[in-house]
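Asker: Have a peek at query_26.txt (compact mmCIF, C-alpha atoms and all ligand atoms).
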# COMPACT_ATOMS: atom_id res chain seq x y z
CA MET K 747 -33.50 14.25 21.02
CA ARG K 748 -36.85 14.84 22.73
CA ILE K 749 -38.81 17.68 21.21
CA THR K 750 -42.05 18.97 22.69
CA ALA K 751 -44.35 21.32 20.78
CA LEU K 752 -47.56 23.20 21.65
CA ALA K 753 -49.88 23.37 18.65
CA GLY K 754 -53.18 24.55 17.24
CA GLY K 755 -54.50 23.34 13.90
CA VAL K 756 -53.35 24.34 10.44
CA GLY K 757 -50.31 26.51 11.28
CA GLY K 758 -49.12 24.08 13.93
CA ALA K 759 -49.68 20.94 11.87
CA ARG K 760 -47.99 22.29 8.73
CA PHE K 761 -44.96 23.39 10.69
CA LEU K 762 -44.68 20.13 12.62
CA ARG K 763 -44.88 18.10 9.40
CA GLY K 764 -41.87 20.07 8.14
CA LEU K 765 -40.09 19.67 11.47
CA LYS K 766 -40.66 15.92 11.34
CA ALA K 767 -39.28 15.75 7.79
CA GLN K 768 -36.19 17.64 8.97
CA LEU K 769 -35.74 15.37 12.01
CA ASP K 770 -36.04 12.27 9.83
CA VAL K 771 -32.90 13.48 8.05
CA VAL K 772 -30.78 14.95 10.86
CA ALA K 773 -31.99 13.10 13.99
CA PRO K 774 -34.11 10.09 13.01
CA GLU K 775 -34.23 8.73 16.59
CA SER K 776 -35.94 11.88 17.85
CA GLU K 777 -39.24 11.75 19.70
CA LEU K 778 -41.74 14.47 18.96
CA THR K 779 -44.50 15.14 21.50
CA VAL K 780 -47.28 17.45 20.36
CA ILE K 781 -49.55 19.08 22.96
CA ALA K 782 -52.71 20.09 21.13
CA ASN K 783 -55.21 22.85 21.84
CA THR K 784 -58.65 21.50 22.67
CA GLY K 785 -60.36 24.84 23.29
CA ASP K 786 -61.77 24.73 19.73
CA ASP K 787 -63.65 21.52 20.49
CA ILE K 788 -67.39 21.56 19.88
CA SER K 789 -70.32 19.15 20.07
CA LEU K 790 -72.38 18.97 16.88
CA PHE K 791 -75.25 16.56 16.19
CA GLY K 792 -74.27 14.66 19.33
CA LEU K 793 -70.70 14.19 18.10
CA ARG K 794 -67.54 15.51 19.73
CA VAL K 795 -65.45 17.39 17.17
CA CYS K 796 -61.84 18.35 17.97
CA PRO K 797 -60.75 20.48 15.00
CA ASP K 798 -57.13 21.06 16.02
CA ILE K 799 -56.46 17.42 16.92
CA ASP K 800 -58.09 16.30 13.67
CA THR K 801 -55.97 18.71 11.61
CA LEU K 802 -52.85 17.41 13.35
CA LEU K 803 -53.88 13.77 12.74
CA TYR K 804 -54.68 14.28 9.06
CA THR K 805 -51.63 16.47 8.32
CA LEU K 806 -49.06 14.38 10.19
CA GLY K 807 -50.76 11.18 9.01
CA GLY K 808 -50.76 12.12 5.32
CA GLY K 809 -54.53 12.42 4.84
CA VAL K 810 -55.13 16.17 4.85
CA ASN K 811 -56.75 18.26 2.14
CA GLU K 812 -53.66 20.20 1.10
CA ASP K 813 -55.45 23.21 -0.40
CA GLN K 814 -57.61 23.82 2.66
CA GLY K 815 -55.02 22.79 5.21
CA TRP K 816 -57.75 21.01 7.24
CA GLY K 817 -60.22 18.20 6.60
CA ARG K 818 -59.65 15.06 4.56
CA ALA K 819 -58.34 14.74 1.02
CA ASP K 820 -60.87 13.31 -1.49
CA GLU K 821 -63.71 14.35 0.78
CA SER K 822 -67.45 14.58 0.08
CA THR K 823 -70.32 16.11 2.09
CA ARG K 824 -73.26 13.82 1.34
CA VAL K 825 -74.19 13.35 5.00
CA GLN K 826 -74.20 17.11 5.54
CA GLY K 827 -76.48 17.40 2.50
CA GLU K 828 -78.94 15.02 4.17
CA LEU K 829 -78.78 17.00 7.41
CA ALA K 830 -79.56 20.16 5.44
CA ALA K 831 -82.51 18.42 3.77
CA TYR K 832 -83.92 17.74 7.25
CA GLY K 833 -83.38 21.37 8.17
CA ALA K 834 -80.88 20.36 10.83
CA VAL K 835 -78.65 23.11 12.19
CA PRO K 836 -75.97 24.33 12.34
CA GLN K 837 -74.94 24.17 8.71
CA TRP K 838 -72.02 26.65 8.93
CA PHE K 839 -69.55 24.05 10.19
CA THR K 840 -68.34 21.74 7.41
CA LEU K 841 -68.53 18.05 8.29
CA GLY K 842 -67.09 15.88 5.53
CA ASP K 843 -68.18 12.26 5.19
CA LEU K 844 -64.74 10.77 5.92
CA ASP K 845 -64.18 13.32 8.67
CA LEU K 846 -67.48 12.24 10.27
CA GLY K 847 -65.96 8.79 10.70
CA THR K 848 -63.43 10.35 13.09
CA HIS K 849 -66.09 12.25 15.03
CA ILE K 850 -68.34 9.18 15.32
CA VAL K 851 -65.64 6.86 16.59
CA ARG K 852 -64.29 9.51 18.98
CA SER K 853 -67.78 10.09 20.39
CA GLN K 854 -68.39 6.38 20.80
CA TRP K 855 -65.11 5.80 22.63
CA LEU K 856 -65.72 8.82 24.88
CA ALA K 857 -69.23 7.53 25.64
CA GLN K 858 -67.70 4.19 26.63
CA GLY K 859 -65.69 6.03 29.26
CA GLN K 860 -62.32 6.40 27.59
CA THR K 861 -60.48 9.63 28.23
CA ALA K 862 -59.67 12.17 25.52
CA SER K 863 -56.01 11.10 25.83
CA GLU K 864 -56.87 7.44 25.29
CA VAL K 865 -59.13 8.24 22.36
CA THR K 866 -56.51 10.52 20.76
CA GLU K 867 -53.88 7.80 21.09
CA ARG K 868 -56.15 5.30 19.31
CA LEU K 869 -56.89 7.79 16.54
CA ALA K 870 -53.18 8.61 16.19
CA THR K 871 -52.34 4.92 15.92
CA ARG K 872 -54.63 4.56 12.91
CA TRP K 873 -52.73 7.45 11.29
CA GLY K 874 -49.35 5.85 12.03
CA LEU K 875 -48.06 8.58 14.33
CA PRO K 876 -46.62 6.47 17.19
CA ASP K 877 -44.70 4.30 14.71
CA ARG K 878 -43.07 7.43 13.37
CA GLY K 879 -42.01 8.70 16.79
CA ILE K 880 -44.85 11.22 17.17
CA ARG K 881 -46.93 11.35 20.35
CA LEU K 882 -50.10 13.45 20.13
CA LEU K 883 -51.56 14.60 23.46
CA PRO K 884 -54.65 16.71 24.08
CA MET K 885 -53.73 19.54 26.45
CA THR K 886 -56.32 18.25 28.95
CA ASP K 887 -58.82 15.42 29.32
CA THR K 888 -61.37 17.83 30.79
CA PRO K 889 -63.81 19.18 28.19
CA VAL K 890 -63.07 22.89 27.74
CA GLU K 891 -64.50 25.33 25.22
CA THR K 892 -63.32 28.74 24.11
CA HIS K 893 -66.16 31.24 23.94
CA VAL K 894 -66.00 34.71 22.46
CA VAL K 895 -67.70 37.66 24.12
CA LEU K 896 -68.81 39.83 21.21
CA ASP K 897 -68.47 43.58 21.30
CA GLU K 898 -71.89 44.72 20.06
CA GLY K 899 -72.25 48.00 21.87
CA ASP K 900 -74.45 47.78 24.98
CA GLU K 901 -75.38 44.17 24.45
CA GLN K 902 -73.00 41.44 25.55
CA ARG K 903 -73.37 38.10 23.88
CA ALA K 904 -71.05 35.13 23.91
CA VAL K 905 -70.77 32.58 21.12
CA HIS K 906 -68.70 29.43 20.76
CA PHE K 907 -65.29 30.15 19.27
CA GLN K 908 -66.15 28.15 16.13
CA GLU K 909 -69.25 30.24 15.51
CA TRP K 910 -67.21 33.45 15.75
CA TRP K 911 -64.39 32.08 13.59
CA VAL K 912 -66.33 30.17 10.94
CA ARG K 913 -69.81 31.72 10.73
CA LEU K 914 -68.92 35.31 11.65
CA ARG K 915 -65.41 35.11 10.11
CA ALA K 916 -64.14 37.07 13.13
CA GLU K 917 -65.70 40.18 11.58
CA VAL K 918 -67.72 41.05 14.70
CA PRO K 919 -65.12 42.43 17.12
CA ALA K 920 -64.43 40.26 20.15
CA SER K 921 -64.17 41.97 23.51
CA ARG K 922 -62.66 38.96 25.24
CA PHE K 923 -62.25 35.19 25.24
CA VAL K 924 -63.59 33.01 28.02
CA VAL K 925 -62.48 29.40 28.22
CA ALA K 926 -65.25 27.46 29.92
CA GLY K 927 -63.85 24.75 32.19
CA LEU K 928 -60.18 25.75 31.89
CA ASP K 929 -59.71 26.78 35.53
CA ARG K 930 -60.88 23.35 36.68
CA ALA K 931 -58.94 21.47 33.99
CA ALA K 932 -55.83 19.45 34.73
CA ALA K 933 -53.07 18.92 32.18
CA ALA K 934 -53.56 15.58 30.44
CA PRO K 935 -51.27 12.68 31.43
CA GLY K 936 -47.79 13.22 30.00
CA VAL K 937 -48.23 16.92 29.19
CA LEU K 938 -46.24 18.48 32.04
CA ASP K 939 -43.64 15.68 31.89
CA ALA K 940 -43.16 16.26 28.17
CA ILE K 941 -42.34 19.90 28.92
CA ARG K 942 -40.08 19.11 31.87
CA THR K 943 -38.08 16.39 30.13
CA ALA K 944 -37.76 17.94 26.65
CA ASP K 945 -34.42 18.78 25.07
CA VAL K 946 -36.05 21.47 22.95
CA ILE K 947 -39.47 23.11 23.29
CA VAL K 948 -41.03 24.44 20.11
CA LEU K 949 -43.83 26.94 19.52
CA PRO K 950 -44.96 26.55 15.90
CA PRO K 951 -46.59 29.56 14.19
CA SER K 952 -49.96 28.74 15.77
CA ASN K 953 -52.44 31.42 16.76
CA PRO K 954 -50.92 33.04 19.88
CA VAL K 955 -54.28 33.79 21.51
CA VAL K 956 -56.78 31.05 20.70
CA SER K 957 -54.36 28.15 20.10
CA ILE K 958 -51.12 28.54 22.09
CA GLY K 959 -52.69 31.05 24.50
CA ILE K 960 -55.32 28.50 25.50
CA ILE K 961 -52.75 25.73 26.11
CA LEU K 962 -50.76 28.17 28.27
CA GLY K 963 -53.89 28.60 30.42
CA VAL K 964 -53.99 24.93 31.41
CA PRO K 965 -52.96 24.90 35.08
CA GLY K 966 -49.26 24.04 35.40
CA VAL K 967 -48.26 24.44 31.74
CA ARG K 968 -46.91 27.98 31.95
CA ASP K 969 -45.02 27.22 35.16
CA ALA K 970 -43.47 24.13 33.58
CA LEU K 971 -42.29 26.25 30.64
CA ARG K 972 -40.85 28.90 32.96
CA GLY K 973 -39.02 26.21 34.90
CA SER K 974 -37.69 24.41 31.87
CA THR K 975 -33.95 24.16 31.38
CA ALA K 976 -34.41 23.27 27.69
CA PRO K 977 -34.40 26.11 25.17
CA VAL K 978 -37.88 27.35 24.20
CA VAL K 979 -37.97 28.61 20.61
CA GLY K 980 -40.86 29.81 18.48
CA VAL K 981 -41.89 30.81 14.97
CA SER K 982 -43.84 34.00 14.28
CA PRO K 983 -47.33 33.45 12.82
CA LEU K 984 -47.27 37.06 11.62
CA ILE K 985 -45.28 38.45 8.72
CA SER K 986 -45.13 42.26 8.43
CA GLY K 987 -47.83 42.50 11.09
CA ARG K 988 -50.33 40.31 9.26
CA PRO K 989 -51.32 36.71 9.88
CA VAL K 990 -50.44 34.46 6.96
CA ARG K 991 -53.96 33.02 7.15
CA GLY K 992 -56.87 33.31 9.55
CA HIS K 993 -57.72 36.15 11.88
CA ALA K 994 -54.95 36.23 14.49
CA ASP K 995 -54.97 40.04 14.24
CA ALA K 996 -58.62 40.12 15.40
CA CYS K 997 -57.69 37.85 18.35
CA LEU K 998 -54.71 40.02 19.31
CA SER K 999 -56.76 43.20 19.17
CA ALA K 1000 -59.35 41.61 21.50
CA ILE K 1001 -56.66 41.16 24.16
CA GLY K 1002 -55.17 44.61 23.50
CA VAL K 1003 -51.97 43.43 21.86
CA GLU K 1004 -50.54 44.96 18.70
CA SER K 1005 -50.32 42.79 15.57
CA SER K 1006 -46.59 42.36 15.18
CA ALA K 1007 -44.02 39.60 15.39
CA ALA K 1008 -42.41 41.35 18.36
CA ALA K 1009 -45.68 41.76 20.26
CA VAL K 1010 -46.50 38.06 19.82
CA ALA K 1011 -43.09 37.13 21.24
CA GLY K 1012 -43.89 39.48 24.12
CA LEU K 1013 -46.80 37.20 25.06
CA TYR K 1014 -44.27 34.42 25.67
CA ALA K 1015 -41.57 36.66 27.19
CA ASP K 1016 -41.51 34.90 30.56
CA PHE K 1017 -40.22 31.63 29.07
CA LEU K 1018 -39.14 32.27 25.45
CA ASP K 1019 -35.44 32.03 24.53
CA GLY K 1020 -35.43 32.33 20.74
CA TRP K 1021 -37.83 33.78 18.15
CA LEU K 1022 -37.77 33.14 14.43
CA VAL K 1023 -39.17 35.94 12.25
CA ASP K 1024 -39.50 36.48 8.53
CA PRO K 1025 -36.84 38.59 6.75
CA ALA K 1026 -39.58 41.24 6.39
CA ASP K 1027 -39.41 41.59 10.19
CA ALA K 1028 -35.62 41.23 10.54
CA GLY K 1029 -34.17 43.33 13.34
CA VAL K 1030 -37.32 43.42 15.49
CA ARG K 1031 -36.71 43.56 19.19
CA VAL K 1032 -38.83 41.99 21.86
CA ARG K 1033 -39.38 44.77 24.39
CA GLY K 1034 -37.97 44.43 27.86
CA VAL K 1035 -36.63 40.88 27.71
CA GLU K 1036 -33.71 39.04 26.25
CA VAL K 1037 -34.97 36.91 23.39
CA ALA K 1038 -32.57 36.03 20.59
CA THR K 1039 -34.20 36.71 17.23
CA HIS K 1040 -33.19 35.27 13.90
CA SER K 1041 -34.77 35.74 10.49
CA ALA K 1042 -35.54 33.18 7.80
CA PRO K 1043 -38.28 32.89 5.18
CA LEU K 1044 -41.43 31.89 7.08
CA LEU K 1045 -43.89 30.97 4.33
CA MET K 1046 -44.72 27.26 4.59
CA THR K 1047 -45.29 26.75 0.88
CA ASP K 1048 -44.40 23.05 0.82
CA VAL K 1049 -42.79 20.40 3.02
CA PRO K 1050 -39.13 21.02 1.95
CA THR K 1051 -39.50 24.78 2.52
CA THR K 1052 -41.07 24.14 5.92
CA ALA K 1053 -38.32 21.63 6.78
CA ALA K 1054 -35.74 24.33 6.01
CA MET K 1055 -37.61 26.67 8.34
CA ALA K 1056 -37.56 24.00 11.05
CA ALA K 1057 -33.80 23.59 10.54
CA GLU K 1058 -33.37 27.32 11.23
CA LEU K 1059 -35.43 26.96 14.41
CA LEU K 1060 -33.38 23.97 15.63
CA ALA K 1061 -30.17 25.90 14.93
CA LEU K 1062 -31.55 28.84 16.93
CA ALA K 1063 -32.35 26.44 19.79
CA GLU K 1064 -28.72 25.28 19.85
CA ARG K 1065 -27.55 28.88 19.88
CA VAL K 1066 -29.67 29.86 22.89
CA ARG K 1067 -29.17 26.64 24.87
CA ARG K 1068 -28.55 27.65 28.51
P1 LIG V 1 -55.73 26.89 13.42
O1 LIG V 1 -56.03 26.28 14.75
O2 LIG V 1 -56.16 26.02 12.27
O3 LIG V 1 -56.17 28.30 13.30
O4 LIG V 1 -54.16 26.87 13.29
P2 LIG V 1 -52.99 27.37 14.24
O5 LIG V 1 -53.48 28.14 15.42
O6 LIG V 1 -52.08 26.24 14.49
O7 LIG V 1 -52.23 28.34 13.24
C1 LIG V 1 -52.82 29.52 12.76
C2 LIG V 1 -51.73 30.51 12.46
O8 LIG V 1 -50.83 29.94 11.51
C3 LIG V 1 -52.23 31.79 11.85
O9 LIG V 1 -52.12 32.84 12.78
C4 LIG V 1 -51.33 31.99 10.63
O10 LIG V 1 -50.83 33.30 10.54
C5 LIG V 1 -50.22 30.99 10.83
N1 LIG V 1 -49.71 30.50 9.57
C6 LIG V 1 -50.40 29.82 8.62
N2 LIG V 1 -49.60 29.58 7.55
C7 LIG V 1 -48.38 30.13 7.85
C8 LIG V 1 -47.14 30.22 7.16
O11 LIG V 1 -46.98 29.75 6.03
N3 LIG V 1 -46.11 30.85 7.79
C9 LIG V 1 -46.25 31.39 9.05
N4 LIG V 1 -45.21 31.99 9.60
N5 LIG V 1 -47.42 31.33 9.74
C10 LIG V 1 -48.46 30.70 9.13
CA CA V 2 -57.78 25.95 16.00
I'd like the structure from this file rewritten - as structure tokens, please.
Ligand code: GDP
Ligand code: CA
Answerer:
Amino acid sequence: MRITALAGGVGGARFLRGLKAQLDVVAPESELTVIANTGDDISLFGLRVCPDIDTLLYTLGGGVNEDQGWGRADESTRVQGELAAYGAVPQWFTLGDLDLGTHIVRSQWLAQGQTASEVTERLATRWGLPDRGIRLLPMTDTPVETHVVLDEGDEQRAVHFQEWWVRLRAEVPASRFVVAGLDRAAAAPGVLDAIRTADVIVLPPSNPVVSIGIILGVPGVRDALRGSTAPVVGVSPLISGRPVRGHADACLSAIGVESSAAAVAGLYADFLDGWLVDPADAGVRVRGVEVATHSAPLLMTDVPTTAAMAAELLALAERVRR
């Protein structure tokens, strides 16, 4: 079975780790292709940092800090301490010492002329992903960056997505998101093919606006999903109208969409076939379109619980298969 997923960082990675555990039991020959959001990418201290790809690498590769959900286990921040001693800015973005190894090698390979796809493949190989049937693709090889236009009354100011998310904790209302470079970006090699040739397409509970929403803006991706004959099934990142972690509600309000499991499904209505919601949201209807909904506990507390959630999603995919 060929499964293709679109993913952001923590929510996407946690779900896909559970999905992979489930596939190892029920369909060990499966191939999982993960198309990762790169809108969160940022250059810091001359290094290219790709937070969502790194979270996917560390989580699927067994090296993530479990409590945080991102960054490396057994991490230290001695280098960042030195940067602070020099008065170097910014200091609001955590750069762990082991994590810096990833950013340094990525930046070097990019500077040597390798594409983001090639670099990601080399990083994924170190983490053992290809050997386990997981292919990790950046959504595009073109550098793109999500910027947030802040709503500060008369003044309009845009900041990098990371600054809004990490430094401002999404507390300053966003009036809109602008993805620099996205209109000129092309889907990375393999991305559109992975959608067209999949047996099942999965939307993990990633942020619908700044993770999945950005991938959907890559030219050709949304059309490929609309044209797909494989079932497209997704997991709600919201339970009872609230994100399980992060500030998805602030992102939804910026684009004028209500914070609810049904409204998130509505964002995917033109290609979605099945939608998994928490029992707290059982019975929700996606307005105006035919999307089969099913409820199952959606808290990803550990790998077995998440694998059970993935099993429900795969069963839903079979049910809605056209
Ligand atoms: P990010 O890039 O690190 O922000 O991660 P993603 O975009 O992949 O995922 C963020 C989303 O994951 C948030 O909107 C959360 O609500 C959602 N999320 C995190 N943990 C859980 C969970 O246990 N269950 C569900 N259903 N959603 C979760
Ligand atoms: Ca992210």
Asker: Can you pull out every residue with an atom within 6 Å of ligand LIG 1 (chain V)? Use only C-alpha atoms and all ligand atoms and format it as a PDB file with C-alpha atoms, in the frame of the given file.
Answerer:
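Output below, filename pocket-v8.pdb:
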ATOM      1  CA  ALA K 753     -49.880  23.370  18.650  1.00  0.00           C
ATOM      2  CA  GLY K 754     -53.180  24.550  17.240  1.00  0.00           C
ATOM      3  CA  GLY K 755     -54.500  23.340  13.900  1.00  0.00           C
ATOM      4  CA  VAL K 756     -53.350  24.340  10.440  1.00  0.00           C
ATOM      5  CA  GLY K 757     -50.310  26.510  11.280  1.00  0.00           C
ATOM      6  CA  GLY K 758     -49.120  24.080  13.930  1.00  0.00           C
ATOM      7  CA  ASP K 798     -57.130  21.060  16.020  1.00  0.00           C
ATOM      8  CA  PRO K 951     -46.590  29.560  14.190  1.00  0.00           C
ATOM      9  CA  SER K 952     -49.960  28.740  15.770  1.00  0.00           C
ATOM     10  CA  ASN K 953     -52.440  31.420  16.760  1.00  0.00           C
ATOM     11  CA  SER K 957     -54.360  28.150  20.100  1.00  0.00           C
ATOM     12  CA  SER K 982     -43.840  34.000  14.280  1.00  0.00           C
ATOM     13  CA  PRO K 983     -47.330  33.450  12.820  1.00  0.00           C
ATOM     14  CA  LEU K 984     -47.270  37.060  11.620  1.00  0.00           C
ATOM     15  CA  PRO K 989     -51.320  36.710   9.880  1.00  0.00           C
ATOM     16  CA  VAL K 990     -50.440  34.460   6.960  1.00  0.00           C
ATOM     17  CA  ARG K 991     -53.960  33.020   7.150  1.00  0.00           C
ATOM     18  CA  GLY K 992     -56.870  33.310   9.550  1.00  0.00           C
ATOM     19  CA  ALA K 994     -54.950  36.230  14.490  1.00  0.00           C
ATOM     20  CA  LEU K1044     -41.430  31.890   7.080  1.00  0.00           C
ATOM     21  CA  LEU K1045     -43.890  30.970   4.330  1.00  0.00           C
ATOM     22  CA  MET K1046     -44.720  27.260   4.590  1.00  0.00           C
TER      23      MET K1046
END
Asker: Let me make sure I understand: among K:Ala970, K:Ala1000, K:Val810, K:Ile947, which one has the smallest atom-to-atom distance to Asp1019 of chain K if we use all atoms listed in the file?
Answerer: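 Result for the nearest residue to Asp1019 of chain K: K:Ile947.
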Asker: Pick the closest to ligand CA 2 (chain V) from K:Leu914, K:Val964, K:Val956, K:Ala926: which is it, counting all atoms listed in the file?
Answerer: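 Looking at the shortest contact to ligand CA 2 (chain V), the residue is K:Val956.
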Asker: For Leu1060 of chain K, which residue among K:Val895, K:Leu928, K:Leu752, K:Leu769 is the nearest when counting only C-alpha atoms?
Answerer: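 For Leu1060 of chain K, the nearest of the given residues is K:Leu769.
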Asker: Counting all atoms listed in the file, which residue out of K:Val835, K:Val894, K:Ala857, K:Val912 sits closest to Pro797 of chain K?
Answerer: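 Ranked by minimum distance to Pro797 of chain K, first place goes to K:Val912.
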Asker: Measure the distance from atom CA of Arg763 of chain K to atom CA of Pro935 of chain K in Å and round it to one decimal.
Answerer: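 It comes out at 23.6 Å.
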Asker: Have a look at atom CA of Ala932 of chain K and atom CA of Pro965 of chain K and let me know their distance in Å, one decimal.
Answerer: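 Separation between atom CA of Ala932 of chain K and atom CA of Pro965 of chain K: 6.2 Å.
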Asker: Separation of atom CA of Asp820 of chain K and atom CA of Val795 of chain K, in Å?
Answerer: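 So the answer is 19.6 Å.
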Asker: In terms of the shortest atom-to-atom distance over all atoms listed in the file, which of K:Val1030, K:Met885, K:Ile960, K:Val981 is closest to Leu938 of chain K?
Answerer: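 So, comparing all the options, the nearest one is K:Met885.
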Asker: I need every residue sitting at most 12 Å from the point (-26.7, 21.4, 21.2) (coordinates as in the file, only C-alpha atoms considered), written as a PyMOL selection string.
Answerer: chain K and resi 747+945-946+976-977+1060-1068
Asker: Place N, CA, C and O atoms on segment 978-997 of chain K and deliver the coordinates as a compact mmCIF listing (two decimals), keeping the file's coordinate frame.
Answerer:
# COMPACT_ATOMS: atom_id res chain seq x y z
N VAL K 978 -36.53 27.21 24.75
CA VAL K 978 -37.88 27.35 24.20
C VAL K 978 -37.78 28.30 23.01
O VAL K 978 -37.37 29.45 23.16
N VAL K 979 -38.11 27.79 21.83
CA VAL K 979 -37.97 28.61 20.61
C VAL K 979 -39.29 28.59 19.84
O VAL K 979 -40.01 27.60 19.84
N GLY K 980 -39.59 29.71 19.17
CA GLY K 980 -40.86 29.81 18.48
C GLY K 980 -40.75 30.48 17.12
O GLY K 980 -39.76 31.13 16.80
N VAL K 981 -41.81 30.27 16.33
CA VAL K 981 -41.89 30.81 14.97
C VAL K 981 -43.03 31.82 14.92
O VAL K 981 -44.15 31.51 15.37
N SER K 982 -42.79 32.98 14.35
CA SER K 982 -43.84 34.00 14.28
C SER K 982 -44.95 33.60 13.30
O SER K 982 -44.67 33.25 12.16
N PRO K 983 -46.21 33.70 13.75
CA PRO K 983 -47.33 33.45 12.82
C PRO K 983 -47.66 34.70 12.00
O PRO K 983 -48.49 34.63 11.10
N LEU K 984 -47.01 35.81 12.33
CA LEU K 984 -47.27 37.06 11.62
C LEU K 984 -46.07 37.43 10.77
O LEU K 984 -44.92 37.27 11.19
N ILE K 985 -46.33 37.91 9.58
CA ILE K 985 -45.28 38.45 8.72
C ILE K 985 -45.69 39.88 8.39
O ILE K 985 -46.82 40.10 7.93
N SER K 986 -44.82 40.83 8.64
CA SER K 986 -45.13 42.26 8.43
C SER K 986 -46.43 42.66 9.13
O SER K 986 -47.22 43.44 8.59
N GLY K 987 -46.66 42.09 10.30
CA GLY K 987 -47.83 42.50 11.09
C GLY K 987 -49.13 41.83 10.71
O GLY K 987 -50.17 42.08 11.32
N ARG K 988 -49.08 40.97 9.69
CA ARG K 988 -50.33 40.31 9.26
C ARG K 988 -50.22 38.80 9.41
O ARG K 988 -49.19 38.21 9.11
N PRO K 989 -51.33 38.17 9.84
CA PRO K 989 -51.32 36.71 9.88
C PRO K 989 -51.23 36.16 8.45
O PRO K 989 -51.76 36.77 7.53
N VAL K 990 -50.54 35.04 8.29
CA VAL K 990 -50.44 34.46 6.96
C VAL K 990 -51.80 33.93 6.51
O VAL K 990 -52.18 34.02 5.36
N ARG K 991 -52.56 33.37 7.42
CA ARG K 991 -53.96 33.02 7.15
C ARG K 991 -54.74 33.09 8.46
O ARG K 991 -54.15 33.04 9.53
N GLY K 992 -56.06 33.22 8.34
CA GLY K 992 -56.87 33.31 9.55
C GLY K 992 -56.94 34.72 10.09
O GLY K 992 -56.59 35.68 9.39
N HIS K 993 -57.40 34.83 11.34
CA HIS K 993 -57.72 36.15 11.88
C HIS K 993 -56.98 36.40 13.20
O HIS K 993 -57.57 36.90 14.16
N ALA K 994 -55.69 36.04 13.24
CA ALA K 994 -54.95 36.23 14.49
C ALA K 994 -54.94 37.70 14.90
O ALA K 994 -54.92 38.02 16.09
N ASP K 995 -54.97 38.61 13.91
CA ASP K 995 -54.97 40.04 14.24
C ASP K 995 -56.23 40.42 15.04
O ASP K 995 -56.15 41.19 15.99
N ALA K 996 -57.38 39.83 14.66
CA ALA K 996 -58.62 40.12 15.40
C ALA K 996 -58.53 39.57 16.83
O ALA K 996 -59.06 40.17 17.76
N CYS K 997 -57.84 38.44 17.00
CA CYS K 997 -57.69 37.85 18.35
C CYS K 997 -56.76 38.72 19.19
O CYS K 997 -57.02 38.97 20.37
